[in-house]
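Here the structure comes first, spelled out in structure tokens, and everything after it is commentary.
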Amino acid sequence: MPGNWQFTSLDAEIAADLAEFVPERVFDAHAHLYRLRDLPEPPPAFLQEGPAKVTPRVWRARLERQVGRGRVTGGLLMPFPTPGCDVALVNRRLLEDLDRDEASVGALLIAPDSDCVELTAALEHPRVVALKPYHCFSPRASTQDSRLGEYLPEWAWRLANERGLVIVLHVVRHGALSDPGNQRTIVAMCRRYPSARLQLAHAARGFHAPNTVRGIAAIEGLENVWFDSSGICEAAALVAILRAFGPSRLMFGSDFPVSEIRGRCVTVGDGFLWLYPETLDWQAVQPPVRPTLVGLESLRALRAAARIMGLSRAAVQRVFHDTARDLYGTR
Ligand SMILES: [Zn+2]
């Protein structure tokens with residue numbers, strides 16, 4: 001079976017089928033760049049199967065295989081967060097990458113114990129527009145159960161509020177957006193810090209779609225909340241966001257390098273499951289199935305959501321480009 005990172009004739013067929021839906025200008029609101037040698041040993045297995053140095057050029061070339069050549073205008077680039085990674089080092093690398101790609105903006109990785117001096121210095125870069133907290137820096141043993149405040153400290157909200165920064169947040173806990181604690185903290189902090197802008201990644205981590213569908217009402221009406229579509233392979237969570245917030249709050253994101261994984265993430269029972277060789281024996285599936293890349297599955301979900309909502313071409317263009325341009329202040 002073809003692996004991760006490959007681009008097969010099936011992948012090309014699916015991308016060609018999506019080409020009519022994807023607009024001419026695509027801004028990727030969620031992409032991770034990294035160098036394998038900067039990550040703690042051993043790097044995640046699927047990263048080891050791909051390029052050792054993921055520069056803006058590599059990301060652009062890979063993404064354009066999926067969305068169409070010449071379409072990627074820029075992206076919100078961020079380091080790849082892993083437990084125990086050297087936050088200062090990967091942030092320095094991000095600044096170098098931003099200097100190589102003038103149409104992109106960046107998000108700095110932050111941990112609860114981030115060095116304030118280093119962070120302030122990195123924020124001097126004119127195209128650093130966002131902060132990226134991550135649950136793997138939470139002190140809790142099972143970091144997937146972390147409460148928001150354990151990995152997104154209040155100082156980060158204050159900083160974002162002072163400087164109009166975006167906070168790219170991957171919420172966790174079993175209920176994600178339907179978790180009452182997550183809901184309370186999001187509402188309280190967004191109101192207390194109205195100039196901070198919250199980007200709820202992965203459709204508010206709607207990998208279990210009903211979490212976003214049920215939870216969205218609790219944050220409806222907040223003026224400083226956006227969403228990205230990255231990694232989401234089902235339409236339901238995207239539809240819920242479009243209904244509650246409209247296309248000026250939803251942004252296409254690839255979650256590169258996750259977009260290069262062969263498989264799909266699906267709602268199962270009370271949770272979600274990433275279908276890939278570690279969780280599913282594709283060879284045993286009858287009738288036979290040829291899996292495609294997560295990035296293409298995610299584009300199909302976004303297209304399905306756009307069709308269900310009857311989005312105009314202009315609205316689709318907002319989701320793929322204009323909303324991000326307005327949020328990040330890019331061109
Ligand atoms: Zn991500």
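Residues in the structure tokens are named by chain (A, B, ... in the order shown) and by number from 1 within that chain; ligands are numbered from 1 in the order shown.
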
Give as a PyMOL selection string the residues surrounding ligand 1 up to a distance of 9 Å, considering only C-alpha atoms and all ligand atoms. chain A and resi 30-32+78+80-81+170+201-202+230-231+253-258

Atoms to include: N, CA and C atoms. Write the selected residues as a PDB file, in the first residue's frame.
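Result file again-v7.pdb:
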ATOM      1  N   HIS A  30      -3.075  27.121   9.137  1.00  0.00           N
ATOM      2  CA  HIS A  30      -2.557  26.215  10.179  1.00  0.00           C
ATOM      3  C   HIS A  30      -1.538  25.251   9.566  1.00  0.00           C
ATOM      4  N   ALA A  31      -0.260  25.595   9.632  1.00  0.00           N
ATOM      5  CA  ALA A  31       0.773  24.714   9.073  1.00  0.00           C
ATOM      6  C   ALA A  31       1.979  24.683  10.002  1.00  0.00           C
ATOM      7  N   HIS A  32       2.572  23.498  10.140  1.00  0.00           N
ATOM      8  CA  HIS A  32       3.746  23.323  11.016  1.00  0.00           C
ATOM      9  C   HIS A  32       4.992  23.090  10.169  1.00  0.00           C
ATOM     10  N   MET A  78       3.852  27.643  12.028  1.00  0.00           N
ATOM     11  CA  MET A  78       4.203  27.460  13.443  1.00  0.00           C
ATOM     12  C   MET A  78       5.109  26.258  13.606  1.00  0.00           C
ATOM     13  N   PHE A  80       6.420  22.645  15.160  1.00  0.00           N
ATOM     14  CA  PHE A  80       5.694  21.403  15.444  1.00  0.00           C
ATOM     15  C   PHE A  80       5.864  21.100  16.937  1.00  0.00           C
ATOM     16  N   PRO A  81       4.780  21.196  17.720  1.00  0.00           N
ATOM     17  CA  PRO A  81       4.954  20.998  19.163  1.00  0.00           C
ATOM     18  C   PRO A  81       5.086  19.526  19.533  1.00  0.00           C
ATOM     19  N   HIS A 170      -5.676  24.467  20.401  1.00  0.00           N
ATOM     20  CA  HIS A 170      -6.175  23.105  20.178  1.00  0.00           C
ATOM     21  C   HIS A 170      -6.720  22.669  21.540  1.00  0.00           C
ATOM     22  N   ALA A 201      -8.530  25.751  16.745  1.00  0.00           N
ATOM     23  CA  ALA A 201      -7.978  24.891  15.701  1.00  0.00           C
ATOM     24  C   ALA A 201      -8.823  23.623  15.542  1.00  0.00           C
ATOM     25  N   HIS A 202      -8.749  23.028  14.361  1.00  0.00           N
ATOM     26  CA  HIS A 202      -9.432  21.764  14.064  1.00  0.00           C
ATOM     27  C   HIS A 202     -10.937  21.860  14.377  1.00  0.00           C
ATOM     28  N   SER A 230      -8.459  22.672   9.848  1.00  0.00           N
ATOM     29  CA  SER A 230      -7.338  21.738   9.671  1.00  0.00           C
ATOM     30  C   SER A 230      -7.578  20.368  10.299  1.00  0.00           C
ATOM     31  N   GLY A 231      -7.296  19.337   9.525  1.00  0.00           N
ATOM     32  CA  GLY A 231      -7.359  17.961  10.006  1.00  0.00           C
ATOM     33  C   GLY A 231      -8.764  17.387  10.087  1.00  0.00           C
ATOM     34  N   GLY A 253      -7.317  25.387   6.801  1.00  0.00           N
ATOM     35  CA  GLY A 253      -5.970  25.102   7.301  1.00  0.00           C
ATOM     36  C   GLY A 253      -5.629  23.676   6.931  1.00  0.00           C
ATOM     37  N   SER A 254      -4.348  23.408   6.693  1.00  0.00           N
ATOM     38  CA  SER A 254      -3.963  22.065   6.248  1.00  0.00           C
ATOM     39  C   SER A 254      -3.525  21.171   7.407  1.00  0.00           C
ATOM     40  N   ASP A 255      -3.049  21.801   8.499  1.00  0.00           N
ATOM     41  CA  ASP A 255      -2.349  21.070   9.559  1.00  0.00           C
ATOM     42  C   ASP A 255      -1.150  20.301   8.995  1.00  0.00           C
ATOM     43  N   PHE A 256      -0.584  20.810   7.879  1.00  0.00           N
ATOM     44  CA  PHE A 256       0.642  20.190   7.392  1.00  0.00           C
ATOM     45  C   PHE A 256       1.601  20.032   8.577  1.00  0.00           C
ATOM     46  N   PRO A 257       2.251  18.900   8.793  1.00  0.00           N
ATOM     47  CA  PRO A 257       2.395  17.720   7.954  1.00  0.00           C
ATOM     48  C   PRO A 257       1.300  16.655   8.124  1.00  0.00           C
ATOM     49  N   VAL A 258       0.326  16.906   9.013  1.00  0.00           N
ATOM     50  CA  VAL A 258      -0.747  15.918   9.204  1.00  0.00           C
ATOM     51  C   VAL A 258      -1.478  15.668   7.873  1.00  0.00           C
TER      52      VAL A 258
END

Name the residues in contact with segment 266-269 of chain A at a cut-off of 9 Å, using only C-alpha atoms, excluding same-chain residues fewer than 3 positions from it; report them as a list in words. Gly206, Phe207, His208, Ala209, Pro210, Ile232, Cys233, Glu234, Phe272, Leu273, Trp274 and Leu275 of chain A

Do you know which residues are at most 9 Å from Arg37 of chain A counting only C-alpha atoms, after dropping those on the same chain fewer than 6 positions away, and could you put them as a count of residues only? 3

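You will find atom CA of Ala304 of chain A at 23.2 Å from atom CA of Gly75 of chain A.
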
Can you pull out every residue within 6 Å of segment 221-228 of chain A, counting only C-alpha atoms, but drop anything in the same chain fewer than 6 positions away, and send it as a PyMOL selection string? chain A and resi 197-203+249-253

Residues of segment 134-220 of chain A classed as helix (DSSP H, G or I) by DSSP on the backbone are to be reported as a ChimeraX atom specification. /A:135-137,143-145,148-151,154-163,176-178,180-192,201-205,209-219

Using only C-alpha atoms, which of A:Val129, A:Tyr34, A:Ala103, A:Ala16 sits nearest Asn91 of chain A?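 Smallest distance to Asn91 of chain A is found for A:Tyr34.
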
With only C-alpha atoms as the counted atoms, please give the residues lying no more than 8 Å from Ala19 of chain A, apart from itself and same-chain residues fewer than 4 positions off, as a list in words.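 Here the answer would be Ala15, Pro23, Val67 and Gly68 of chain A.
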
Among segment 202-257 of chain A, which ones does DSSP assign to strand (DSSP E or B) (computed from the backbone)? Answer as a list in words. Val225, Trp226, Phe227, Asp228, Leu250, Met251 and Phe256 of chain A

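Shortest separation to Val289 of chain A among A:Gly263, A:Glu96, A:His125, A:Glu49 occurs at residue A:Gly263, atoms counted being only C-alpha atoms.
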
Give me the residues within 8 Å of Ser138 of chain A as a PyMOL selection string, counting only C-alpha atoms and dropping any in the same chain fewer than 2 places off. chain A and resi 111-112+134-136+140+143+146+150-151

Writer output for current selection, N, CA and C atoms, as a tab-separated table (two decimals), in the first residue's frame:
chain	number	residue	atom	x	y	z
A	111	ALA	N	4.90	27.85	26.20
A	111	ALA	CA	4.66	26.90	27.29
A	111	ALA	C	4.38	27.72	28.53
A	112	PRO	N	3.73	27.12	29.55
A	112	PRO	CA	3.42	27.91	30.75
A	112	PRO	C	4.66	28.56	31.35
A	134	TYR	N	0.20	24.59	23.64
A	134	TYR	CA	-0.14	23.20	23.29
A	134	TYR	C	-0.21	22.35	24.55
A	135	HIS	N	-1.15	21.40	24.54
A	135	HIS	CA	-1.39	20.63	25.76
A	135	HIS	C	-0.18	19.81	26.20
A	136	CYS	N	0.73	19.49	25.27
A	136	CYS	CA	1.87	18.66	25.69
A	136	CYS	C	2.78	19.38	26.68
A	140	ARG	N	0.06	18.25	33.69
A	140	ARG	CA	-0.74	17.06	33.97
A	140	ARG	C	-0.12	15.83	33.30
A	143	THR	N	-1.85	14.60	29.36
A	143	THR	CA	-2.02	16.00	28.96
A	143	THR	C	-3.30	16.21	28.15
A	146	SER	N	-6.03	17.92	30.06
A	146	SER	CA	-5.70	19.22	30.68
A	146	SER	C	-6.84	20.22	30.58
A	150	GLU	N	-4.13	25.14	32.27
A	150	GLU	CA	-2.90	24.39	32.54
A	150	GLU	C	-1.89	24.50	31.39
A	151	TYR	N	-2.35	24.84	30.20
A	151	TYR	CA	-1.39	25.02	29.10
A	151	TYR	C	-1.53	26.36	28.39

With only C-alpha atoms as the atoms that count, which of A:Asp86, A:Asp113, A:Glu64, A:Asp179 lies nearest to Leu152 of chain A?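 Selected residue with least distance to Leu152 of chain A: A:Asp113.
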
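Among the candidates A:Ser248, A:Thr120, A:Gln48, A:Thr82, the residue lying nearest to His321 of chain A is A:Ser248 (atoms considered: only C-alpha atoms).
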